[in-house]
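Q: This one is coords.txt, compact mmCIF, C-alpha atoms (C1' of nucleotides).
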# COMPACT_ATOMS: atom_id res chain seq x y z
CA MET O 744 -15.85 41.56 -9.45
CA SER O 745 -14.40 44.82 -8.17
CA GLU O 746 -11.67 45.80 -10.56
CA PRO O 747 -8.46 45.81 -8.54
CA SER O 748 -7.62 49.37 -7.64
CA LEU O 749 -4.10 49.11 -8.97
CA ALA O 750 -2.67 49.68 -5.54
CA CYS O 751 -0.43 52.64 -5.75
CA CYS O 752 2.64 51.81 -3.79
CA THR O 753 5.53 53.46 -2.09
CA PRO O 754 8.92 52.01 -2.93
CA LEU O 755 9.98 48.85 -1.17
CA THR O 756 12.94 50.68 0.24
CA GLY O 757 12.50 53.67 2.51
CA THR O 758 9.45 53.10 4.61
CA PRO O 759 8.31 49.70 5.83
CA MET O 760 5.34 48.45 3.90
CA SER O 761 1.99 48.00 5.57
CA ALA O 762 0.33 44.62 5.66
CA GLU O 763 -2.59 45.91 3.62
CA GLN O 764 -0.31 47.32 0.97
CA ALA O 765 1.56 44.05 0.74
CA GLU O 766 -1.70 42.16 0.34
CA GLN O 767 -2.65 44.47 -2.51
CA VAL O 768 0.58 44.32 -4.45
CA ALA O 769 1.43 40.66 -3.99
CA PRO O 770 -1.26 39.44 -6.42
CA LEU O 771 0.21 41.66 -9.13
CA LEU O 772 3.62 40.10 -8.64
CA LYS O 773 2.14 36.63 -8.39
CA ALA O 774 0.48 37.13 -11.74
CA LEU O 775 3.83 38.08 -13.24
CA ALA O 776 5.83 35.41 -11.43
CA ASP O 777 5.53 32.87 -14.21
CA PRO O 778 7.79 32.51 -17.23
CA VAL O 779 4.90 32.07 -19.63
CA ARG O 780 2.98 35.07 -18.35
CA LEU O 781 6.12 37.17 -18.31
CA ARG O 782 6.68 36.40 -21.97
CA LEU O 783 3.03 37.01 -22.74
CA VAL O 784 3.16 40.50 -21.28
CA SER O 785 6.44 41.15 -23.02
CA LEU O 786 5.12 39.93 -26.37
CA ILE O 787 2.02 42.06 -26.08
CA ALA O 788 3.92 45.14 -24.97
CA ALA O 789 6.38 44.75 -27.82
CA SER O 790 3.72 44.25 -30.48
CA ALA O 791 2.70 46.95 -32.89
CA GLY O 792 0.11 49.17 -31.26
CA GLY O 793 0.86 47.65 -27.88
CA GLU O 794 -1.64 44.90 -28.42
CA ALA O 795 -1.78 41.36 -29.77
CA CYS O 796 -4.45 38.82 -30.60
CA VAL O 797 -4.60 35.44 -28.96
CA CYS O 798 -4.03 33.63 -32.23
CA ASP O 799 -0.56 35.11 -32.54
CA LEU O 800 0.21 34.53 -28.89
CA ASN O 801 -0.67 30.85 -29.14
CA ASP O 802 1.93 30.26 -31.81
CA ALA O 803 4.72 31.58 -29.61
CA PHE O 804 4.43 28.76 -27.09
CA ASP O 805 4.46 24.98 -27.02
CA LEU O 806 1.33 25.00 -24.91
CA THR O 807 -2.31 24.22 -25.42
CA GLN O 808 -4.67 26.99 -26.41
CA ALA O 809 -6.53 26.33 -23.19
CA THR O 810 -3.40 26.96 -21.17
CA ILE O 811 -2.61 30.24 -22.93
CA SER O 812 -6.19 31.34 -22.45
CA HIS O 813 -5.87 30.55 -18.77
CA HIS O 814 -2.70 32.61 -18.39
CA LEU O 815 -4.26 35.54 -20.20
CA LYS O 816 -7.20 35.38 -17.86
CA VAL O 817 -4.92 35.46 -14.85
CA LEU O 818 -3.15 38.54 -16.18
CA HIS O 819 -6.44 40.19 -17.04
CA THR O 820 -7.97 39.44 -13.65
CA ALA O 821 -4.92 40.90 -11.96
CA GLY O 822 -5.51 44.12 -13.87
CA LEU O 823 -2.39 43.88 -15.96
CA LEU O 824 -4.04 43.29 -19.31
CA ASP O 825 -6.98 44.82 -21.11
CA ARG O 826 -9.25 42.71 -23.26
CA GLU O 827 -11.08 43.77 -26.38
CA LYS O 828 -13.05 41.58 -28.71
CA ARG O 829 -12.93 42.61 -32.35
CA GLY O 830 -14.92 40.34 -34.59
CA VAL O 831 -13.66 36.81 -34.27
CA TRP O 832 -10.45 37.80 -32.59
CA VAL O 833 -9.67 38.95 -29.08
CA HIS O 834 -6.95 41.50 -28.58
CA TYR O 835 -5.06 41.96 -25.34
CA SER O 836 -3.14 45.09 -24.42
CA VAL O 837 -1.01 46.05 -21.44
CA ARG O 838 -2.29 48.50 -18.85
CA PRO O 839 0.62 50.90 -18.39
CA ALA O 840 -0.68 52.03 -15.04
CA ALA O 841 -0.42 48.50 -13.70
CA LEU O 842 3.18 48.12 -14.77
CA ASP O 843 3.95 51.54 -13.38
CA ALA O 844 2.53 50.55 -10.02
CA VAL O 845 4.89 47.61 -9.89
CA ALA O 846 7.77 49.71 -11.14
CA THR O 847 7.24 52.17 -8.32
CA LEU O 848 7.75 49.33 -5.89
CA PHE O 849 11.28 48.71 -7.06
CA THR O 850 12.29 52.25 -7.78
CA THR O 851 14.68 53.10 -4.99
CA ALA O 852 14.01 56.81 -4.64
CA VAL O 853 16.17 57.71 -7.58
CA PRO O 854 18.71 60.45 -6.78
CA ALA O 855 18.96 63.60 -8.87
CA MET P 729 23.61 25.29 -5.57
CA SER P 730 24.88 27.73 -8.23
CA GLU P 731 24.22 31.21 -6.92
CA PRO P 732 21.66 32.72 -9.25
CA SER P 733 23.40 35.06 -11.66
CA LEU P 734 20.99 37.90 -10.97
CA ALA P 735 19.77 37.81 -14.52
CA CYS P 736 20.25 41.22 -15.92
CA CYS P 737 17.15 41.98 -17.87
CA THR P 738 15.96 44.22 -20.59
CA PRO P 739 12.72 46.01 -19.84
CA LEU P 740 9.48 44.12 -20.30
CA THR P 741 8.40 46.67 -22.83
CA GLY P 742 10.34 47.23 -26.01
CA THR P 743 11.73 43.92 -27.11
CA PRO P 744 10.00 40.59 -26.61
CA MET P 745 11.58 38.58 -23.85
CA SER P 746 13.34 35.31 -24.58
CA ALA P 747 12.18 32.11 -22.95
CA GLU P 748 15.51 31.75 -21.17
CA GLN P 749 15.34 35.26 -19.79
CA ALA P 750 11.81 34.66 -18.55
CA GLU P 751 12.91 31.45 -16.83
CA GLN P 752 15.68 33.39 -15.09
CA VAL P 753 13.62 36.31 -13.86
CA ALA P 754 10.44 34.49 -12.89
CA PRO P 755 11.97 32.93 -9.74
CA LEU P 756 12.92 36.39 -8.50
CA LEU P 757 9.36 37.59 -8.89
CA LYS P 758 7.99 34.39 -7.43
CA ALA P 759 10.10 34.94 -4.34
CA LEU P 760 8.61 38.42 -3.98
CA ALA P 761 5.06 37.44 -4.85
CA ASP P 762 3.99 36.87 -1.26
CA PRO P 763 2.71 39.46 1.18
CA VAL P 764 4.86 38.21 4.02
CA ARG P 765 8.05 38.16 1.97
CA LEU P 766 7.26 41.56 0.52
CA ARG P 767 6.99 42.99 3.99
CA LEU P 768 10.11 41.19 5.09
CA VAL P 769 12.16 42.75 2.33
CA SER P 770 10.60 46.11 3.04
CA LEU P 771 11.28 45.87 6.76
CA ILE P 772 14.88 44.90 6.18
CA ALA P 773 15.46 47.59 3.58
CA ALA P 774 13.96 50.22 5.84
CA SER P 775 15.95 49.20 8.91
CA ALA P 776 18.94 51.11 10.12
CA GLY P 777 22.03 50.00 8.23
CA GLY P 778 19.85 48.20 5.71
CA GLU P 779 19.83 45.07 7.77
CA ALA P 780 17.73 43.42 10.45
CA CYS P 781 18.01 40.42 12.73
CA VAL P 782 15.51 37.61 12.69
CA CYS P 783 14.44 38.28 16.26
CA ASP P 784 13.05 41.68 15.28
CA LEU P 785 11.48 40.32 12.12
CA ASN P 786 9.62 37.63 14.02
CA ASP P 787 7.84 40.17 16.18
CA ALA P 788 6.39 41.96 13.18
CA PHE P 789 4.23 39.01 12.14
CA ASP P 790 1.62 36.74 13.62
CA LEU P 791 3.47 33.75 12.30
CA THR P 792 5.58 31.00 13.72
CA GLN P 793 9.32 31.47 13.89
CA ALA P 794 9.62 28.45 11.62
CA THR P 795 7.50 30.13 8.99
CA ILE P 796 9.50 33.36 9.06
CA SER P 797 12.69 31.36 8.83
CA HIS P 798 11.28 29.58 5.82
CA HIS P 799 10.39 32.82 4.05
CA LEU P 800 13.81 34.27 4.75
CA LYS P 801 15.37 31.18 3.26
CA VAL P 802 13.28 31.53 0.11
CA LEU P 803 14.38 35.15 -0.28
CA HIS P 804 17.98 34.24 0.39
CA THR P 805 17.96 31.33 -2.04
CA ALA P 806 16.51 33.61 -4.72
CA GLY P 807 19.48 35.91 -4.21
CA LEU P 808 17.47 38.78 -2.82
CA LEU P 809 18.83 38.68 0.73
CA ASP P 810 22.27 38.33 2.23
CA ARG P 811 22.78 36.39 5.44
CA GLU P 812 25.34 37.08 8.13
CA LYS P 813 25.62 35.38 11.47
CA ARG P 814 26.90 37.59 14.30
CA GLY P 815 27.13 35.78 17.57
CA VAL P 816 23.78 34.38 18.50
CA TRP P 817 21.88 36.50 16.02
CA VAL P 818 21.51 36.27 12.27
CA HIS P 819 21.26 39.45 10.28
CA TYR P 820 19.68 39.68 6.85
CA SER P 821 20.32 42.48 4.37
CA VAL P 822 18.96 43.29 0.93
CA ARG P 823 21.09 42.81 -2.17
CA PRO P 824 20.58 46.04 -4.06
CA ALA P 825 21.69 44.45 -7.32
CA ALA P 826 18.85 41.97 -7.10
CA LEU P 827 16.22 44.64 -6.64
CA ASP P 828 17.79 46.65 -9.43
CA ALA P 829 17.52 43.70 -11.75
CA VAL P 830 13.82 43.48 -11.09
CA ALA P 831 13.41 47.24 -11.34
CA THR P 832 14.98 47.20 -14.79
CA LEU P 833 12.24 44.85 -15.87
CA PHE P 834 9.52 47.36 -15.19
CA THR P 835 11.33 50.50 -16.19
CA THR P 836 9.70 51.48 -19.45
CA ALA P 837 12.56 53.25 -21.15
CA VAL P 838 11.83 56.48 -19.36
CA PRO P 839 11.31 59.43 -21.74
CA ALA P 840 13.31 62.63 -21.38
C1' DT X 610 -29.30 27.15 -41.65
C1' DT X 611 -25.09 24.93 -41.36
C1' DA X 612 -20.25 24.65 -40.88
C1' DA X 613 -15.85 26.23 -39.43
C1' DG X 614 -12.84 28.75 -36.77
C1' DA X 615 -11.37 31.59 -32.46
C1' DC X 616 -11.54 31.69 -27.58
C1' DA X 617 -13.39 30.59 -23.11
C1' DT X 618 -14.81 27.37 -19.67
C1' DC X 619 -15.02 22.94 -17.26
C1' DG X 620 -13.27 18.93 -14.75
C1' DA X 621 -9.40 16.15 -13.65
C1' DT X 622 -4.67 15.43 -12.28
C1' DG X 623 -0.12 16.00 -10.57
C1' DT X 624 2.81 19.24 -8.39
C1' DC X 625 4.14 23.13 -5.69
C1' DC X 626 3.59 26.21 -1.66
C1' DG X 627 2.48 28.29 3.05
C1' DT X 628 1.98 27.02 7.57
C1' DC X 629 2.62 24.49 11.65
C1' DG X 630 4.63 21.65 15.74
C1' DA X 631 8.57 19.15 16.91
C1' DT X 632 13.27 18.70 16.92
C1' DG X 633 18.12 19.71 15.81
C1' DT X 634 22.32 22.82 15.95
C1' DC X 635 25.03 26.36 17.58
C1' DT X 636 26.43 30.07 20.82
C1' DC X 637 26.81 32.33 24.97
C1' DC X 638 26.61 32.47 30.06
C1' DG X 639 26.97 30.76 34.78
C1' DC Q 225 29.66 20.95 32.04
C1' DG Q 226 24.88 22.14 31.64
C1' DG Q 227 21.14 25.09 30.53
C1' DA Q 228 18.89 28.68 27.92
C1' DG Q 229 18.02 31.17 23.94
C1' DA Q 230 18.26 32.09 18.63
C1' DC Q 231 17.64 30.19 14.48
C1' DA Q 232 17.35 26.26 11.00
C1' DT Q 233 15.53 21.93 9.47
C1' DC Q 234 12.15 18.16 9.15
C1' DG Q 235 7.73 15.95 8.19
C1' DA Q 236 3.01 16.60 7.52
C1' DC Q 237 -1.19 18.61 5.90
C1' DG Q 238 -4.43 21.51 3.30
C1' DG Q 239 -4.97 24.64 -0.31
C1' DA Q 240 -3.49 26.72 -4.59
C1' DC Q 241 -1.71 26.28 -9.26
C1' DA Q 242 -0.16 24.79 -14.17
C1' DT Q 243 -1.52 21.90 -17.58
C1' DC Q 244 -4.39 19.13 -20.34
C1' DG Q 245 -8.45 17.15 -23.24
C1' DA Q 246 -13.14 17.87 -23.99
C1' DT Q 247 -16.78 20.83 -24.61
C1' DG Q 248 -19.32 25.23 -24.84
C1' DT Q 249 -20.17 29.98 -26.94
C1' DC Q 250 -19.98 33.27 -30.32
C1' DT Q 251 -18.94 35.17 -35.00
C1' DT Q 252 -18.34 35.05 -39.82
C1' DA Q 253 -18.75 32.82 -44.28
C1' DA Q 254 -21.07 29.79 -47.54
Could you rewrite the structure in this file as structure tokens?
A:
Amino acid sequence: MSEPSLACCTPLTGTPMSAEQAEQVAPLLKALADPVRLRLVSLIAASAGGEACVCDLNDAFDLTQATISHHLKVLHTAGLLDREKRGVWVHYSVRPAALDAVATLFTTAVPA
Amino acid sequence: MSEPSLACCTPLTGTPMSAEQAEQVAPLLKALADPVRLRLVSLIAASAGGEACVCDLNDAFDLTQATISHHLKVLHTAGLLDREKRGVWVHYSVRPAALDAVATLFTTAVPA
DNA sequence: TTAAGACATCGATGTCCGTCGATGTCTCCG
DNA sequence: CGGAGACATCGACGGACATCGATGTCTTAA
């Protein structure tokens, strides 16, 4: 399933983006372009230890467990979340490198 | 059509995001979560004067003029692009504040 | 072994989205 | 006035997506 290579990216501003680069980064943004998934990432990132188990995540939404599981899978497939099974529970954590890659996109060559 | 208020946003990391905040920011990301639109923004931002006319933009893609026009409208409606008609041509420019808002999302409280 | 609980997967359904050809609107030029 | 060119809008179509209920898989406890 070829783990996405976390497309390193030059900032949006500055140099025009290549088609290939755009194709690589767009899925990352698409994975984040959903209110539920945005909150999921935020909840996980803000949790103690930078990780959270699905059971806690479920309670934060008025959605079916199946739906939450689906969203977590999307984020994991996009390379934004790591997955670790510990006993009965599954813990998800944020991949900092993935967020950094996206951040780089919007960082307009910060001046000194 | 209530110009989007360019939801100022706390970083994803740190504090959990509210549902309202997520609903505000998600459309911005959704507008950017497309390879074509990503390249459009990049092309415009990288152009001289920070703006570009549709005629030039059309040539950069193997897509119909109608499709490019559609994508530009999506970006404009999301508040990411400004539109100015000058004679026969229409010039689009990037709204820095919009990109900054998104950048803030992914800026993980940079350490010293 | 059996039962219960935590997640994932499956199949269905309604909605949204990208793309296109055709057509409309506006502006400039002759 | 009339034509040409730049861009927007419209209507349609195929594919993708969010959500759900039902069911499957795995782990721990009794």
Q: Would you list which chain Q residues are within 9 Å of chain O using only C-alpha atoms (C1' of nucleotides), as a list in words?
A: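 Per the criterion, chain Q yields DA242, DT243, DC244, DC250, DT251 and DT252 of chain Q.
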Q: Tell me, counting all atoms listed in the file, for each residue of chain X within 8 Å of chain O, which pair of atoms is nearest and how far apart they are in Å to one decimal, in rows ordered by chain and increasing number, as a tab-separated table.
A:
residue	atom	partner	partner_atom	distance
X:DA615	C1'	O:Val831	CA	6.0
X:DC616	C1'	O:Ser812	CA	7.4
X:DA617	C1'	O:Ser812	CA	7.3
Q: What would the file look like if the residues just selected were written as an mmCIF file, keeping the file's coordinate frame with C-alpha atoms (C1' of nucleotides)?
A:
data_model
loop_
_atom_site.group_PDB
_atom_site.id
_atom_site.type_symbol
_atom_site.label_atom_id
_atom_site.label_comp_id
_atom_site.auth_asym_id
_atom_site.auth_seq_id
_atom_site.Cartn_x
_atom_site.Cartn_y
_atom_site.Cartn_z
ATOM 1 C "C1'" DA X 615 -11.370 31.590 -32.460
ATOM 2 C "C1'" DC X 616 -11.540 31.690 -27.580
ATOM 3 C "C1'" DA X 617 -13.390 30.590 -23.110
#
Q: Within 7 Å of chain P, which residues of chain O come that close, and what is the closest atom pair and distance in Å for each? Count only C-alpha atoms and give it as a Markdown table.
A:
| residue | atom | partner | partner_atom | distance |
| --- | --- | --- | --- | --- |
| O:Leu755 | CA | P:Ser770 | CA | 5.1 |
| O:Thr756 | CA | P:Ala773 | CA | 5.2 |
| O:Gly757 | CA | P:Ala774 | CA | 5.0 |
| O:Thr758 | CA | P:Ala774 | CA | 5.5 |
| O:Pro759 | CA | P:Leu771 | CA | 4.9 |
| O:Met760 | CA | P:Arg767 | CA | 5.7 |
| O:Ala765 | CA | P:Pro763 | CA | 4.8 |
| O:Glu766 | CA | P:Pro763 | CA | 5.2 |
| O:Ala769 | CA | P:Ala761 | CA | 4.9 |
| O:Pro770 | CA | P:Ala761 | CA | 6.8 |
| O:Leu772 | CA | P:Ala761 | CA | 4.8 |
| O:Lys773 | CA | P:Ala761 | CA | 4.7 |
| O:Ala776 | CA | P:Lys758 | CA | 4.7 |
| O:Asp777 | CA | P:Ala754 | CA | 5.3 |
| O:Pro778 | CA | P:Ala750 | CA | 4.7 |
| O:Leu781 | CA | P:Ala750 | CA | 6.2 |
| O:Arg782 | CA | P:Met745 | CA | 5.7 |
| O:Ser785 | CA | P:Leu740 | CA | 5.0 |
| O:Leu786 | CA | P:Pro744 | CA | 4.9 |
| O:Ala788 | CA | P:Thr741 | CA | 5.2 |
| O:Ala789 | CA | P:Gly742 | CA | 5.0 |
| O:Leu842 | CA | P:Phe834 | CA | 6.4 |
| O:Ala846 | CA | P:Phe834 | CA | 5.0 |
| O:Phe849 | CA | P:Ala831 | CA | 5.0 |
| O:Thr850 | CA | P:Ala831 | CA | 6.2 |
Q: Lay chain P over chain O using all C-alpha atoms, matched one to one in order, with a least-squares fit; then write it out as a short mmCIF file (atom, residue, chain, number, x, y, z; two decimals) with C-alpha atoms, in the coordinates of the input.
A:
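Final output, saved to selection.cif:
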data_model
loop_
_atom_site.label_atom_id
_atom_site.label_comp_id
_atom_site.auth_asym_id
_atom_site.auth_seq_id
_atom_site.Cartn_x
_atom_site.Cartn_y
_atom_site.Cartn_z
CA MET P 729 -15.52 41.10 -9.03
CA SER P 730 -14.29 44.54 -7.89
CA GLU P 731 -11.68 45.64 -10.38
CA PRO P 732 -8.42 45.77 -8.47
CA SER P 733 -7.64 49.36 -7.60
CA LEU P 734 -4.11 49.15 -8.97
CA ALA P 735 -2.68 49.73 -5.54
CA CYS P 736 -0.45 52.69 -5.79
CA CYS P 737 2.61 51.85 -3.81
CA THR P 738 5.46 53.51 -2.10
CA PRO P 739 8.85 52.07 -2.94
CA LEU P 740 9.94 48.91 -1.17
CA THR P 741 12.89 50.76 0.22
CA GLY P 742 12.46 53.74 2.48
CA THR P 743 9.40 53.15 4.59
CA PRO P 744 8.27 49.76 5.83
CA MET P 745 5.29 48.48 3.92
CA SER P 746 1.94 48.01 5.61
CA ALA P 747 0.29 44.62 5.69
CA GLU P 748 -2.63 45.93 3.66
CA GLN P 749 -0.35 47.36 1.00
CA ALA P 750 1.52 44.08 0.77
CA GLU P 751 -1.75 42.18 0.37
CA GLN P 752 -2.70 44.52 -2.48
CA VAL P 753 0.54 44.36 -4.42
CA ALA P 754 1.39 40.69 -3.97
CA PRO P 755 -1.32 39.49 -6.41
CA LEU P 756 0.15 41.71 -9.12
CA LEU P 757 3.56 40.16 -8.63
CA LYS P 758 2.10 36.70 -8.37
CA ALA P 759 0.43 37.19 -11.73
CA LEU P 760 3.80 38.12 -13.23
CA ALA P 761 5.80 35.47 -11.42
CA ASP P 762 5.54 32.90 -14.20
CA PRO P 763 7.79 32.58 -17.22
CA VAL P 764 4.91 32.12 -19.62
CA ARG P 765 2.97 35.11 -18.33
CA LEU P 766 6.11 37.22 -18.31
CA ARG P 767 6.67 36.46 -21.95
CA LEU P 768 3.03 37.05 -22.74
CA VAL P 769 3.13 40.53 -21.28
CA SER P 770 6.40 41.19 -23.03
CA LEU P 771 5.10 39.97 -26.38
CA ILE P 772 1.99 42.08 -26.09
CA ALA P 773 3.87 45.18 -24.99
CA ALA P 774 6.33 44.80 -27.83
CA SER P 775 3.68 44.27 -30.50
CA ALA P 776 2.65 46.96 -32.90
CA GLY P 777 0.03 49.18 -31.30
CA GLY P 778 0.79 47.66 -27.92
CA GLU P 779 -1.69 44.90 -28.46
CA ALA P 780 -1.80 41.36 -29.80
CA CYS P 781 -4.44 38.80 -30.64
CA VAL P 782 -4.58 35.42 -29.00
CA CYS P 783 -3.99 33.61 -32.27
CA ASP P 784 -0.51 35.12 -32.56
CA LEU P 785 0.23 34.54 -28.90
CA ASN P 786 -0.62 30.86 -29.15
CA ASP P 787 2.00 30.28 -31.82
CA ALA P 788 4.77 31.62 -29.62
CA PHE P 789 4.48 28.80 -27.09
CA ASP P 790 4.52 25.04 -27.01
CA LEU P 791 1.40 25.05 -24.92
CA THR P 792 -2.22 24.24 -25.42
CA GLN P 793 -4.59 27.00 -26.43
CA ALA P 794 -6.46 26.33 -23.21
CA THR P 795 -3.35 26.99 -21.18
CA ILE P 796 -2.58 30.27 -22.93
CA SER P 797 -6.16 31.33 -22.46
CA HIS P 798 -5.85 30.55 -18.79
CA HIS P 799 -2.70 32.63 -18.39
CA LEU P 800 -4.26 35.54 -20.23
CA LYS P 801 -7.21 35.36 -17.89
CA VAL P 802 -4.93 35.46 -14.85
CA LEU P 803 -3.18 38.55 -16.20
CA HIS P 804 -6.47 40.18 -17.06
CA THR P 805 -8.01 39.42 -13.68
CA ALA P 806 -4.96 40.91 -11.98
CA GLY P 807 -5.59 44.11 -13.91
CA LEU P 808 -2.45 43.90 -15.98
CA LEU P 809 -4.10 43.29 -19.35
CA ASP P 810 -7.05 44.80 -21.16
CA ARG P 811 -9.30 42.65 -23.31
CA GLU P 812 -11.11 43.70 -26.45
CA LYS P 813 -13.06 41.48 -28.78
CA ARG P 814 -12.96 42.51 -32.45
CA GLY P 815 -14.93 40.22 -34.66
CA VAL P 816 -13.67 36.71 -34.31
CA TRP P 817 -10.44 37.72 -32.64
CA VAL P 818 -9.68 38.88 -29.13
CA HIS P 819 -6.98 41.45 -28.63
CA TYR P 820 -5.10 41.93 -25.38
CA SER P 821 -3.21 45.09 -24.44
CA VAL P 822 -1.08 46.07 -21.46
CA ARG P 823 -2.38 48.52 -18.87
CA PRO P 824 0.52 50.90 -18.43
CA ALA P 825 -0.78 52.06 -15.06
CA ALA P 826 -0.50 48.53 -13.73
CA LEU P 827 3.11 48.16 -14.78
CA ASP P 828 3.86 51.60 -13.40
CA ALA P 829 2.45 50.60 -10.06
CA VAL P 830 4.80 47.67 -9.90
CA ALA P 831 7.71 49.76 -11.16
CA THR P 832 7.17 52.23 -8.34
CA LEU P 833 7.70 49.40 -5.92
CA PHE P 834 11.22 48.77 -7.08
CA THR P 835 12.26 52.31 -7.81
CA THR P 836 14.66 53.14 -5.02
CA ALA P 837 14.13 56.87 -4.74
CA VAL P 838 16.54 57.57 -7.55
CA PRO P 839 19.34 59.98 -6.55
CA ALA P 840 20.04 63.12 -8.55
#
Q: In Å to one decimal, how far is C1' of DT247 in chain Q from C1' of DA612 in chain X?
A: 17.1 Å
Q: For a test of reading the model, state the distance in Å between CA of Arg823 in chain P and CA of Asp810 in chain P, rounded to one decimal.
A: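 Rounded to one decimal, the two atoms are 6.4 Å apart.
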Q: C1' of DT632 in chain X and C1' of DT233 in chain Q are how many Å apart?
A: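 Separating C1' of DT632 in chain X from C1' of DT233 in chain Q is a distance of 8.4 Å.
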Q: Mind working out the centre and edge lengths of an axis-aligned box for range 242-247 of chain Q, all listed atoms inside, 4 Å added to each side, rounded to one decimal in Å and written as AutoDock Vina command-line options?
A:
--center_x -8.5 --center_y 21.0 --center_z -19.4 --size_x 24.6 --size_y 15.6 --size_z 18.4
Q: I want to know what sits within 9 Å of range 234-240 of chain Q, based on all atoms listed in the file, with residues of the same chain fewer than 6 positions away left out; could you give that as a list in words?
A: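 Using all atoms listed in the file, the neighbours found are DC625, DC626, DG627, DC629, DA631 and DT632 of chain X.
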Q: What lies within 12 Å of DG227 in chain Q using all atoms listed in the file, ignoring chain neighbours under 5 positions off, as a count of residues only?
A: 3
Q: Which of these, Q:DA254, Q:DC231, Q:DA246, Q:DC241, has the shortest distance to DG633 in chain X once you count only C-alpha atoms (C1' of nucleotides)?
A: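 Selected residue with least distance to DG633 in chain X: Q:DC231.
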Q: Pull out range 793-832 of chain P, keep C-alpha atoms, and write it as a short mmCIF file (atom, residue, chain, number, x, y, z; two decimals), in the first residue's frame.
A:
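Result file decode.cif:
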data_model
loop_
_atom_site.label_atom_id
_atom_site.label_comp_id
_atom_site.auth_asym_id
_atom_site.auth_seq_id
_atom_site.Cartn_x
_atom_site.Cartn_y
_atom_site.Cartn_z
CA GLN P 793 -11.96 27.32 -19.78
CA ALA P 794 -15.26 26.56 -18.06
CA THR P 795 -13.53 24.28 -15.60
CA ILE P 796 -10.83 26.80 -14.74
CA SER P 797 -13.48 29.45 -14.29
CA HIS P 798 -15.31 27.12 -11.95
CA HIS P 799 -12.22 26.48 -9.82
CA LEU P 800 -11.46 30.18 -9.63
CA LYS P 801 -14.98 30.80 -8.45
CA VAL P 802 -14.62 28.18 -5.71
CA LEU P 803 -11.41 29.81 -4.50
CA HIS P 804 -12.97 33.24 -4.65
CA THR P 805 -16.11 32.18 -2.82
CA ALA P 806 -13.96 30.62 -0.09
CA GLY P 807 -12.30 34.00 0.37
CA LEU P 808 -8.90 32.90 -0.85
CA LEU P 809 -8.81 34.93 -4.05
CA ASP P 810 -9.68 38.50 -4.93
CA ARG P 811 -11.22 39.32 -8.29
CA GLU P 812 -10.74 42.48 -10.31
CA LYS P 813 -11.99 43.15 -13.79
CA ARG P 814 -9.75 45.38 -15.90
CA GLY P 815 -11.10 45.97 -19.34
CA VAL P 816 -11.61 42.70 -21.09
CA TRP P 817 -9.50 40.73 -18.67
CA VAL P 818 -10.15 39.54 -15.15
CA HIS P 819 -7.28 39.45 -12.71
CA TYR P 820 -7.19 37.24 -9.64
CA SER P 821 -4.95 37.84 -6.63
CA VAL P 822 -4.35 35.94 -3.41
CA ARG P 823 -5.69 37.24 -0.11
CA PRO P 824 -2.71 36.94 2.20
CA ALA P 825 -4.93 37.02 5.27
CA ALA P 826 -6.69 33.89 4.11
CA LEU P 827 -3.49 31.94 3.66
CA ASP P 828 -2.25 33.22 6.99
CA ALA P 829 -5.37 31.93 8.67
CA VAL P 830 -4.70 28.48 7.32
CA ALA P 831 -1.01 28.72 8.15
CA THR P 832 -1.85 29.48 11.76
#
